[in-house]
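Enquirer: Can you read through this structure? Questions will come right after.
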Amino acid sequence: MTQREVVVIGGGPAGLAASIEAARLGAKVLVVDENKRPGGQLFKQIHKFFGSRAHNAGIRGIDIGRQLLKDTEECGVEVWLNSAAIGVFSDNRVAVLRDGRTEIVQAQKILMCTGGSENALRFPGWTLPGVMGAGAAQTMINVNRVLPGKRVLMVGSGNVGVIVAYQLLQAGADVVGIVEGMPRIGAYGVHAAKVRRAGVPFFLGHTIVQAIGDDHVRQAIIGEFKDGQVVPNTEKIVDVDVICVAVGLRPLTELAWMAGVKHDFIPEMGGWMPLHNENMETSMPGVYVAGDIAGVEEANTAMDEGRLAGVAIAQSLGRIGNDEAEAKKQEIRDRLAALRMGPFGERRQAAKQRIVERGVN
């Protein structure tokens, strides 16, 4: 059995930010990631972040990822790549599938940063080749440099759908439209405006009815959507070879369930998720969560939640005094509150408060 002080499961934005914060405070950190390269979603995000300087305004996600990797190396964080955490058991033991064999790691503290998974949308033809999640398309173009198709229909007008639609345009695809069941666009205006200027039509108050094809998607049928039903005689046929689905994410919680962490259903944050206190610690002592597993939000939020967990873990290990730790944590909480301003953010802030209250009680 291998022993480590802190084991972070997941080397995405939250996991890397947490590891850097804890390591800088003197903790010995191991990051376990199933991919061949850490960084997670950041290396798919070629667009510039916006907001405040504290939240990486004007910096592309890939550049933020590169800086995190550099900081991780400089802090002496140990990283196991191509290594999948397949179980979390009592006494903070983590089972890791590595180099073809299972290795048990005994940890003093565990931080789960397993991220989120794309929601599926069922409709006739949804299993045809060419129907995929928007995240899969983003991975193909920005990581693997493969264009998934020439004519793309996007289903969902949230930030993910609109950003990926624009990146597909940049990669050379023709985005024939964005379908949205609600009467308004869900994405931030700065993202939606770029797509509108590029001439992509938004089909608001519409849904996808069917994907048509034999061995591959050839056409999509869309129609007006009202009161949960397709309005009769409003169907349109669109020639496409790819249908991207961007209808939200849900927290990836399998390991947290396995660890015995208390969960609750919080729809504003993606569904079933681990409850945690204001230090990101769950109902299982010594087990923490951060990032999309703790509620689906943006990359900046994930990183700050990771930093909050990293400070709290270092504090619990005695690597930092309580007064200094509390000051650092309050600074991070203030940044998180700023990220959750506005009509959408306020709902997330209220939901997050419920998570903390339920996690404490």
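Quick note on naming: the chains in the structure tokens go A, B, ... in the order shown, residues restart at 1 in each chain, and ligands are numbered from 1 in order of appearance.
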Which residues are close to Ala136 of chain A, i.e. within 12 Å by only C-alpha atoms, leaving aside same-chain residues fewer than 2 positions away? Reply as a PDB file with all heavy atoms, in the first residue's frame.
Expert:
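Result went into result.pdb, see below:
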ATOM      1  N   GLN A  41     -10.709  20.669 -18.913  1.00  0.00           N
ATOM      2  CA  GLN A  41     -11.445  21.464 -19.890  1.00  0.00           C
ATOM      3  C   GLN A  41     -10.666  22.686 -20.381  1.00  0.00           C
ATOM      4  O   GLN A  41     -10.960  23.215 -21.457  1.00  0.00           O
ATOM      5  CB  GLN A  41     -12.775  21.928 -19.284  1.00  0.00           C
ATOM      6  CG  GLN A  41     -13.712  20.802 -18.896  1.00  0.00           C
ATOM      7  CD  GLN A  41     -14.127  19.955 -20.084  1.00  0.00           C
ATOM      8  OE1 GLN A  41     -14.456  20.477 -21.142  1.00  0.00           O
ATOM      9  NE2 GLN A  41     -14.095  18.651 -19.912  1.00  0.00           N
ATOM     10  N   LYS A  44      -9.404  22.788 -23.890  1.00  0.00           N
ATOM     11  CA  LYS A  44     -10.396  22.849 -24.962  1.00  0.00           C
ATOM     12  C   LYS A  44     -10.878  24.291 -25.174  1.00  0.00           C
ATOM     13  O   LYS A  44     -11.564  24.574 -26.153  1.00  0.00           O
ATOM     14  CB  LYS A  44     -11.614  21.978 -24.617  1.00  0.00           C
ATOM     15  CG  LYS A  44     -11.291  20.520 -24.340  1.00  0.00           C
ATOM     16  CD  LYS A  44     -12.557  19.774 -23.953  1.00  0.00           C
ATOM     17  CE  LYS A  44     -12.253  18.364 -23.496  1.00  0.00           C
ATOM     18  NZ  LYS A  44     -13.496  17.648 -23.100  1.00  0.00           N
ATOM     19  N   SER A 117     -20.422  15.579 -16.331  1.00  0.00           N
ATOM     20  CA  SER A 117     -20.676  14.797 -17.539  1.00  0.00           C
ATOM     21  C   SER A 117     -21.822  15.431 -18.316  1.00  0.00           C
ATOM     22  O   SER A 117     -22.776  15.955 -17.719  1.00  0.00           O
ATOM     23  CB  SER A 117     -21.043  13.355 -17.166  1.00  0.00           C
ATOM     24  OG  SER A 117     -21.385  12.591 -18.295  1.00  0.00           O
ATOM     25  N   GLU A 118     -21.732  15.387 -19.648  1.00  0.00           N
ATOM     26  CA  GLU A 118     -22.781  15.979 -20.470  1.00  0.00           C
ATOM     27  C   GLU A 118     -24.094  15.201 -20.343  1.00  0.00           C
ATOM     28  O   GLU A 118     -24.108  13.967 -20.330  1.00  0.00           O
ATOM     29  CB  GLU A 118     -22.356  15.986 -21.941  1.00  0.00           C
ATOM     30  CG  GLU A 118     -21.232  16.944 -22.240  1.00  0.00           C
ATOM     31  CD  GLU A 118     -20.954  17.028 -23.728  1.00  0.00           C
ATOM     32  OE1 GLU A 118     -20.297  16.120 -24.257  1.00  0.00           O
ATOM     33  OE2 GLU A 118     -21.394  17.999 -24.352  1.00  0.00           O
ATOM     34  N   ASN A 119     -25.187  15.941 -20.267  1.00  0.00           N
ATOM     35  CA  ASN A 119     -26.506  15.316 -20.281  1.00  0.00           C
ATOM     36  C   ASN A 119     -26.840  14.839 -21.692  1.00  0.00           C
ATOM     37  O   ASN A 119     -26.480  15.486 -22.680  1.00  0.00           O
ATOM     38  CB  ASN A 119     -27.579  16.312 -19.827  1.00  0.00           C
ATOM     39  CG  ASN A 119     -27.457  16.657 -18.356  1.00  0.00           C
ATOM     40  OD1 ASN A 119     -27.048  15.841 -17.543  1.00  0.00           O
ATOM     41  ND2 ASN A 119     -27.814  17.883 -18.007  1.00  0.00           N
ATOM     42  N   GLY A 130     -22.746  10.631 -35.616  1.00  0.00           N
ATOM     43  CA  GLY A 130     -22.888  12.036 -35.962  1.00  0.00           C
ATOM     44  C   GLY A 130     -23.667  12.819 -34.932  1.00  0.00           C
ATOM     45  O   GLY A 130     -23.617  14.050 -34.930  1.00  0.00           O
ATOM     46  N   VAL A 131     -24.391  12.126 -34.048  1.00  0.00           N
ATOM     47  CA  VAL A 131     -25.035  12.780 -32.914  1.00  0.00           C
ATOM     48  C   VAL A 131     -24.074  12.683 -31.735  1.00  0.00           C
ATOM     49  O   VAL A 131     -23.661  11.587 -31.356  1.00  0.00           O
ATOM     50  CB  VAL A 131     -26.381  12.128 -32.556  1.00  0.00           C
ATOM     51  CG1 VAL A 131     -27.011  12.846 -31.361  1.00  0.00           C
ATOM     52  CG2 VAL A 131     -27.325  12.153 -33.745  1.00  0.00           C
ATOM     53  N   MET A 132     -23.694  13.811 -31.184  1.00  0.00           N
ATOM     54  CA  MET A 132     -22.683  13.806 -30.114  1.00  0.00           C
ATOM     55  C   MET A 132     -22.891  14.984 -29.184  1.00  0.00           C
ATOM     56  O   MET A 132     -23.599  15.942 -29.507  1.00  0.00           O
ATOM     57  CB  MET A 132     -21.280  13.888 -30.724  1.00  0.00           C
ATOM     58  CG  MET A 132     -20.981  15.191 -31.460  1.00  0.00           C
ATOM     59  SD  MET A 132     -19.346  15.209 -32.232  1.00  0.00           S
ATOM     60  CE  MET A 132     -19.594  14.017 -33.550  1.00  0.00           C
ATOM     61  N   GLY A 133     -22.289  14.889 -28.029  1.00  0.00           N
ATOM     62  CA  GLY A 133     -22.291  16.005 -27.107  1.00  0.00           C
ATOM     63  C   GLY A 133     -21.418  17.140 -27.627  1.00  0.00           C
ATOM     64  O   GLY A 133     -20.440  16.918 -28.344  1.00  0.00           O
ATOM     65  N   ALA A 134     -21.777  18.365 -27.247  1.00  0.00           N
ATOM     66  CA  ALA A 134     -20.977  19.508 -27.685  1.00  0.00           C
ATOM     67  C   ALA A 134     -19.552  19.412 -27.160  1.00  0.00           C
ATOM     68  O   ALA A 134     -18.595  19.817 -27.830  1.00  0.00           O
ATOM     69  CB  ALA A 134     -21.629  20.807 -27.206  1.00  0.00           C
ATOM     70  N   GLN A 138     -16.037  19.626 -29.177  1.00  0.00           N
ATOM     71  CA  GLN A 138     -14.984  20.564 -28.776  1.00  0.00           C
ATOM     72  C   GLN A 138     -13.650  19.843 -28.592  1.00  0.00           C
ATOM     73  O   GLN A 138     -12.592  20.356 -28.978  1.00  0.00           O
ATOM     74  CB  GLN A 138     -15.392  21.267 -27.486  1.00  0.00           C
ATOM     75  CG  GLN A 138     -14.488  22.439 -27.102  1.00  0.00           C
ATOM     76  CD  GLN A 138     -14.935  23.106 -25.827  1.00  0.00           C
ATOM     77  OE1 GLN A 138     -15.326  22.442 -24.864  1.00  0.00           O
ATOM     78  NE2 GLN A 138     -14.882  24.427 -25.798  1.00  0.00           N
ATOM     79  N   THR A 139     -13.689  18.654 -28.021  1.00  0.00           N
ATOM     80  CA  THR A 139     -12.469  17.860 -27.877  1.00  0.00           C
ATOM     81  C   THR A 139     -11.890  17.505 -29.238  1.00  0.00           C
ATOM     82  O   THR A 139     -10.669  17.580 -29.449  1.00  0.00           O
ATOM     83  CB  THR A 139     -12.760  16.577 -27.083  1.00  0.00           C
ATOM     84  OG1 THR A 139     -13.269  16.918 -25.791  1.00  0.00           O
ATOM     85  CG2 THR A 139     -11.500  15.732 -26.913  1.00  0.00           C
ATOM     86  N   MET A 140     -12.749  17.134 -30.168  1.00  0.00           N
ATOM     87  CA  MET A 140     -12.280  16.757 -31.504  1.00  0.00           C
ATOM     88  C   MET A 140     -11.555  17.911 -32.191  1.00  0.00           C
ATOM     89  O   MET A 140     -10.466  17.725 -32.739  1.00  0.00           O
ATOM     90  CB  MET A 140     -13.454  16.266 -32.354  1.00  0.00           C
ATOM     91  CG  MET A 140     -14.033  14.941 -31.896  1.00  0.00           C
ATOM     92  SD  MET A 140     -15.469  14.425 -32.870  1.00  0.00           S
ATOM     93  CE  MET A 140     -14.691  14.013 -34.430  1.00  0.00           C
ATOM     94  N   ILE A 141     -12.131  19.108 -32.150  1.00  0.00           N
ATOM     95  CA  ILE A 141     -11.542  20.206 -32.922  1.00  0.00           C
ATOM     96  C   ILE A 141     -10.366  20.867 -32.198  1.00  0.00           C
ATOM     97  O   ILE A 141      -9.370  21.236 -32.836  1.00  0.00           O
ATOM     98  CB  ILE A 141     -12.604  21.268 -33.299  1.00  0.00           C
ATOM     99  CG1 ILE A 141     -13.331  21.813 -32.067  1.00  0.00           C
ATOM    100  CG2 ILE A 141     -13.580  20.693 -34.301  1.00  0.00           C
ATOM    101  CD1 ILE A 141     -14.316  22.930 -32.371  1.00  0.00           C
ATOM    102  N   ASN A 142     -10.466  21.017 -30.864  1.00  0.00           N
ATOM    103  CA  ASN A 142      -9.448  21.792 -30.156  1.00  0.00           C
ATOM    104  C   ASN A 142      -8.316  20.952 -29.587  1.00  0.00           C
ATOM    105  O   ASN A 142      -7.240  21.485 -29.318  1.00  0.00           O
ATOM    106  CB  ASN A 142     -10.093  22.596 -29.022  1.00  0.00           C
ATOM    107  CG  ASN A 142     -11.001  23.688 -29.538  1.00  0.00           C
ATOM    108  OD1 ASN A 142     -10.960  24.042 -30.716  1.00  0.00           O
ATOM    109  ND2 ASN A 142     -11.841  24.228 -28.676  1.00  0.00           N
ATOM    110  N   VAL A 143      -8.562  19.675 -29.372  1.00  0.00           N
ATOM    111  CA  VAL A 143      -7.525  18.799 -28.822  1.00  0.00           C
ATOM    112  C   VAL A 143      -6.966  17.869 -29.879  1.00  0.00           C
ATOM    113  O   VAL A 143      -5.754  17.766 -30.071  1.00  0.00           O
ATOM    114  CB  VAL A 143      -8.068  17.990 -27.620  1.00  0.00           C
ATOM    115  CG1 VAL A 143      -6.998  17.032 -27.087  1.00  0.00           C
ATOM    116  CG2 VAL A 143      -8.537  18.919 -26.514  1.00  0.00           C
ATOM    117  N   ASN A 144      -7.876  17.208 -30.620  1.00  0.00           N
ATOM    118  CA  ASN A 144      -7.445  16.216 -31.608  1.00  0.00           C
ATOM    119  C   ASN A 144      -7.321  16.759 -33.019  1.00  0.00           C
ATOM    120  O   ASN A 144      -6.861  16.063 -33.917  1.00  0.00           O
ATOM    121  CB  ASN A 144      -8.424  15.025 -31.606  1.00  0.00           C
ATOM    122  CG  ASN A 144      -8.498  14.347 -30.259  1.00  0.00           C
ATOM    123  OD1 ASN A 144      -7.476  14.154 -29.603  1.00  0.00           O
ATOM    124  ND2 ASN A 144      -9.696  13.994 -29.818  1.00  0.00           N
ATOM    125  N   VAL A 146      -9.564  17.425 -35.283  1.00  0.00           N
ATOM    126  CA  VAL A 146     -10.395  16.665 -36.229  1.00  0.00           C
ATOM    127  C   VAL A 146     -11.743  17.366 -36.331  1.00  0.00           C
ATOM    128  O   VAL A 146     -12.396  17.626 -35.311  1.00  0.00           O
ATOM    129  CB  VAL A 146     -10.599  15.209 -35.763  1.00  0.00           C
ATOM    130  CG1 VAL A 146     -11.577  14.488 -36.693  1.00  0.00           C
ATOM    131  CG2 VAL A 146      -9.266  14.470 -35.718  1.00  0.00           C
ATOM    132  N   LEU A 147     -12.170  17.695 -37.549  1.00  0.00           N
ATOM    133  CA  LEU A 147     -13.475  18.323 -37.755  1.00  0.00           C
ATOM    134  C   LEU A 147     -14.546  17.232 -37.764  1.00  0.00           C
ATOM    135  O   LEU A 147     -14.484  16.310 -38.581  1.00  0.00           O
ATOM    136  CB  LEU A 147     -13.488  19.089 -39.078  1.00  0.00           C
ATOM    137  CG  LEU A 147     -14.666  20.032 -39.313  1.00  0.00           C
ATOM    138  CD1 LEU A 147     -14.661  21.170 -38.296  1.00  0.00           C
ATOM    139  CD2 LEU A 147     -14.604  20.601 -40.733  1.00  0.00           C
ATOM    140  N   PRO A 148     -15.530  17.288 -36.864  1.00  0.00           N
ATOM    141  CA  PRO A 148     -16.521  16.212 -36.781  1.00  0.00           C
ATOM    142  C   PRO A 148     -17.462  16.145 -37.976  1.00  0.00           C
ATOM    143  O   PRO A 148     -18.061  15.100 -38.243  1.00  0.00           O
ATOM    144  CB  PRO A 148     -17.282  16.519 -35.494  1.00  0.00           C
ATOM    145  CG  PRO A 148     -17.098  17.979 -35.276  1.00  0.00           C
ATOM    146  CD  PRO A 148     -15.741  18.297 -35.817  1.00  0.00           C
ATOM    147  N   VAL A 160     -22.076  26.714 -23.254  1.00  0.00           N
ATOM    148  CA  VAL A 160     -21.341  25.626 -23.914  1.00  0.00           C
ATOM    149  C   VAL A 160     -21.749  25.519 -25.373  1.00  0.00           C
ATOM    150  O   VAL A 160     -20.907  25.474 -26.278  1.00  0.00           O
ATOM    151  CB  VAL A 160     -21.572  24.290 -23.183  1.00  0.00           C
ATOM    152  CG1 VAL A 160     -20.982  23.135 -23.989  1.00  0.00           C
ATOM    153  CG2 VAL A 160     -20.940  24.325 -21.794  1.00  0.00           C
ATOM    154  N   GLY A 161     -23.058  25.487 -25.634  1.00  0.00           N
ATOM    155  CA  GLY A 161     -23.526  25.345 -27.004  1.00  0.00           C
ATOM    156  C   GLY A 161     -23.078  26.481 -27.899  1.00  0.00           C
ATOM    157  O   GLY A 161     -22.619  26.262 -29.030  1.00  0.00           O
ATOM    158  N   VAL A 164     -19.077  26.517 -28.318  1.00  0.00           N
ATOM    159  CA  VAL A 164     -18.630  25.435 -29.202  1.00  0.00           C
ATOM    160  C   VAL A 164     -19.085  25.695 -30.635  1.00  0.00           C
ATOM    161  O   VAL A 164     -18.355  25.401 -31.594  1.00  0.00           O
ATOM    162  CB  VAL A 164     -19.121  24.067 -28.692  1.00  0.00           C
ATOM    163  CG1 VAL A 164     -18.778  22.957 -29.683  1.00  0.00           C
ATOM    164  CG2 VAL A 164     -18.488  23.758 -27.338  1.00  0.00           C
ATOM    165  N   LEU A 168     -16.587  25.772 -33.730  1.00  0.00           N
ATOM    166  CA  LEU A 168     -16.786  24.954 -34.937  1.00  0.00           C
ATOM    167  C   LEU A 168     -16.681  25.818 -36.188  1.00  0.00           C
ATOM    168  O   LEU A 168     -16.108  25.394 -37.206  1.00  0.00           O
ATOM    169  CB  LEU A 168     -18.140  24.245 -34.871  1.00  0.00           C
ATOM    170  CG  LEU A 168     -18.213  23.031 -33.947  1.00  0.00           C
ATOM    171  CD1 LEU A 168     -19.663  22.683 -33.632  1.00  0.00           C
ATOM    172  CD2 LEU A 168     -17.512  21.828 -34.584  1.00  0.00           C
ATOM    173  N   VAL A 242     -23.818  16.479 -38.654  1.00  0.00           N
ATOM    174  CA  VAL A 242     -23.521  16.418 -37.216  1.00  0.00           C
ATOM    175  C   VAL A 242     -24.631  17.139 -36.465  1.00  0.00           C
ATOM    176  O   VAL A 242     -25.078  18.215 -36.875  1.00  0.00           O
ATOM    177  CB  VAL A 242     -22.158  17.072 -36.880  1.00  0.00           C
ATOM    178  CG1 VAL A 242     -21.988  17.187 -35.367  1.00  0.00           C
ATOM    179  CG2 VAL A 242     -21.006  16.280 -37.469  1.00  0.00           C
ATOM    180  N   ILE A 243     -25.078  16.526 -35.372  1.00  0.00           N
ATOM    181  CA  ILE A 243     -25.988  17.176 -34.427  1.00  0.00           C
ATOM    182  C   ILE A 243     -25.284  17.191 -33.082  1.00  0.00           C
ATOM    183  O   ILE A 243     -24.980  16.133 -32.517  1.00  0.00           O
ATOM    184  CB  ILE A 243     -27.333  16.432 -34.318  1.00  0.00           C
ATOM    185  CG1 ILE A 243     -28.060  16.418 -35.665  1.00  0.00           C
ATOM    186  CG2 ILE A 243     -28.212  17.070 -33.241  1.00  0.00           C
ATOM    187  CD1 ILE A 243     -29.309  15.544 -35.677  1.00  0.00           C
ATOM    188  N   CYS A 244     -24.991  18.376 -32.586  1.00  0.00           N
ATOM    189  CA  CYS A 244     -24.349  18.529 -31.277  1.00  0.00           C
ATOM    190  C   CYS A 244     -25.404  18.828 -30.223  1.00  0.00           C
ATOM    191  O   CYS A 244     -26.274  19.669 -30.444  1.00  0.00           O
ATOM    192  CB  CYS A 244     -23.317  19.652 -31.301  1.00  0.00           C
ATOM    193  SG  CYS A 244     -21.798  19.268 -32.173  1.00  0.00           S
ATOM    194  N   VAL A 245     -25.303  18.159 -29.103  1.00  0.00           N
ATOM    195  CA  VAL A 245     -26.268  18.328 -28.018  1.00  0.00           C
ATOM    196  C   VAL A 245     -25.581  19.033 -26.852  1.00  0.00           C
ATOM    197  O   VAL A 245     -24.575  18.540 -26.314  1.00  0.00           O
ATOM    198  CB  VAL A 245     -26.839  16.974 -27.566  1.00  0.00           C
ATOM    199  CG1 VAL A 245     -27.801  17.165 -26.395  1.00  0.00           C
ATOM    200  CG2 VAL A 245     -27.540  16.282 -28.737  1.00  0.00           C
ATOM    201  N   ALA A 246     -26.106  20.186 -26.472  1.00  0.00           N
ATOM    202  CA  ALA A 246     -25.569  20.959 -25.351  1.00  0.00           C
ATOM    203  C   ALA A 246     -26.715  21.327 -24.422  1.00  0.00           C
ATOM    204  O   ALA A 246     -27.211  22.455 -24.436  1.00  0.00           O
ATOM    205  CB  ALA A 246     -24.856  22.206 -25.858  1.00  0.00           C
TER     206      ALA A 246
END
Enquirer: Among segment 15-199 of chain A, which residues carry a DSSP assignment of strand (DSSP E or B), reported as a PyMOL selection string?
Expert: chain A and resi 29-32+48+60+78-80+83-89+93-98+101-112+116-118+131-133+151-155+174-180
Enquirer: Could you write out the selected residues, including C-alpha atoms, as a compact mmCIF listing (two decimals), in the first residue's frame?
Expert:
# COMPACT_ATOMS: atom_id res chain seq x y z
CA VAL A 29 0.10 16.35 -2.83
CA LEU A 30 -0.53 13.57 -5.34
CA VAL A 31 -2.81 14.25 -8.32
CA VAL A 32 -4.40 11.25 -10.04
CA LYS A 48 -10.58 34.47 -23.98
CA ARG A 60 -7.41 32.10 -23.13
CA GLU A 78 3.31 14.59 -7.81
CA VAL A 79 1.14 13.69 -10.80
CA TRP A 80 0.04 10.23 -11.96
CA SER A 83 -4.25 6.55 -13.93
CA ALA A 84 -7.92 6.09 -13.05
CA ALA A 85 -9.26 6.29 -9.51
CA ILE A 86 -11.71 3.38 -9.49
CA GLY A 87 -12.72 3.29 -5.85
CA VAL A 88 -12.71 5.24 -2.60
CA PHE A 89 -13.07 3.17 0.56
CA ARG A 93 -8.12 4.60 0.83
CA VAL A 94 -8.14 5.21 -2.93
CA ALA A 95 -7.90 2.41 -5.49
CA VAL A 96 -6.03 3.55 -8.61
CA LEU A 97 -5.76 1.58 -11.85
CA ARG A 98 -2.23 2.36 -13.01
CA ARG A 101 -2.65 -3.01 -12.07
CA THR A 102 -4.61 -1.69 -9.10
CA GLU A 103 -2.67 0.26 -6.51
CA ILE A 104 -4.12 1.22 -3.13
CA VAL A 105 -3.18 4.68 -1.89
CA GLN A 106 -3.71 5.52 1.77
CA ALA A 107 -4.41 9.24 2.09
CA GLN A 108 -4.79 11.54 5.04
CA LYS A 109 -7.03 13.82 2.98
CA ILE A 110 -8.89 13.23 -0.29
CA LEU A 111 -10.10 15.92 -2.67
CA MET A 112 -12.48 14.81 -5.41
CA GLY A 116 -19.14 16.84 -14.75
CA SER A 117 -20.68 14.80 -17.54
CA GLU A 118 -22.78 15.98 -20.47
CA VAL A 131 -25.03 12.78 -32.91
CA MET A 132 -22.68 13.81 -30.11
CA GLY A 133 -22.29 16.00 -27.11
CA ARG A 151 -22.79 20.99 -41.53
CA VAL A 152 -23.58 21.15 -37.82
CA LEU A 153 -26.81 21.75 -35.92
CA MET A 154 -26.37 22.75 -32.28
CA VAL A 155 -29.10 21.89 -29.78
CA ASP A 174 -20.91 25.45 -41.32
CA VAL A 175 -23.16 25.83 -38.26
CA VAL A 176 -26.63 25.77 -39.79
CA GLY A 177 -28.40 26.86 -36.63
CA ILE A 178 -28.75 26.74 -32.86
CA VAL A 179 -31.97 25.21 -31.54
CA GLU A 180 -33.28 26.37 -28.17
Enquirer: Grab the atom CA of His216 of chain A to atom CA of Leu128 of chain A distance for me, in Å with one decimal place.
Expert: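 Atom CA of Leu128 of chain A lies 5.8 Å from atom CA of His216 of chain A.
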Enquirer: Mind giving me the straight-line distance from atom CA of Met269 of chain A to atom CA of Lys352 of chain A in Å, one decimal?
Expert: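 These two atoms are separated by 8.0 Å.
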Enquirer: Can you work out the spacing between atom CA of Gly10 of chain A and atom CA of Glu268 of chain A in Å, to one decimal?
Expert: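 Spanning atom CA of Gly10 of chain A to atom CA of Glu268 of chain A is a straight-line distance of 23.1 Å.
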Enquirer: Measuring between only C-alpha atoms, which one of A:Gln353, A:Thr127, A:Ser157, A:Thr72 shows the shortest distance to Gly248 of chain A?
Expert: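 Smallest separation from Gly248 of chain A among the options: A:Ser157.
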Enquirer: Among segment 4-188 of chain A, which ones does DSSP place in alpha helix (DSSP H), written as an MDAnalysis selection string?
Expert: chainID A and resid 13:24 61:74 134:142 159:171
Enquirer: Which residue, A:Ala256, A:Ile208, A:Met182, A:Ala325, has the smallest gap to Thr234 of chain A when you use only C-alpha atoms?
Expert: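 Closest to Thr234 of chain A of all the choices is A:Ile208.
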Enquirer: Pick from A:Asn159, A:Asn82, A:Gln167, A:Thr114: nearest to Ile9 of chain A, with only C-alpha atoms counted?
Expert: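 Using only C-alpha atoms, Ile9 of chain A sits closest to A:Thr114.
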Enquirer: Env of Ile320 of chain A: 9 Å cut, atoms = only C-alpha atoms, seq-sep filter 5 positions within chain, self excluded. Answer as a PyMOL selection string.
Expert: chain A and resi 25-26+311+314-315+325
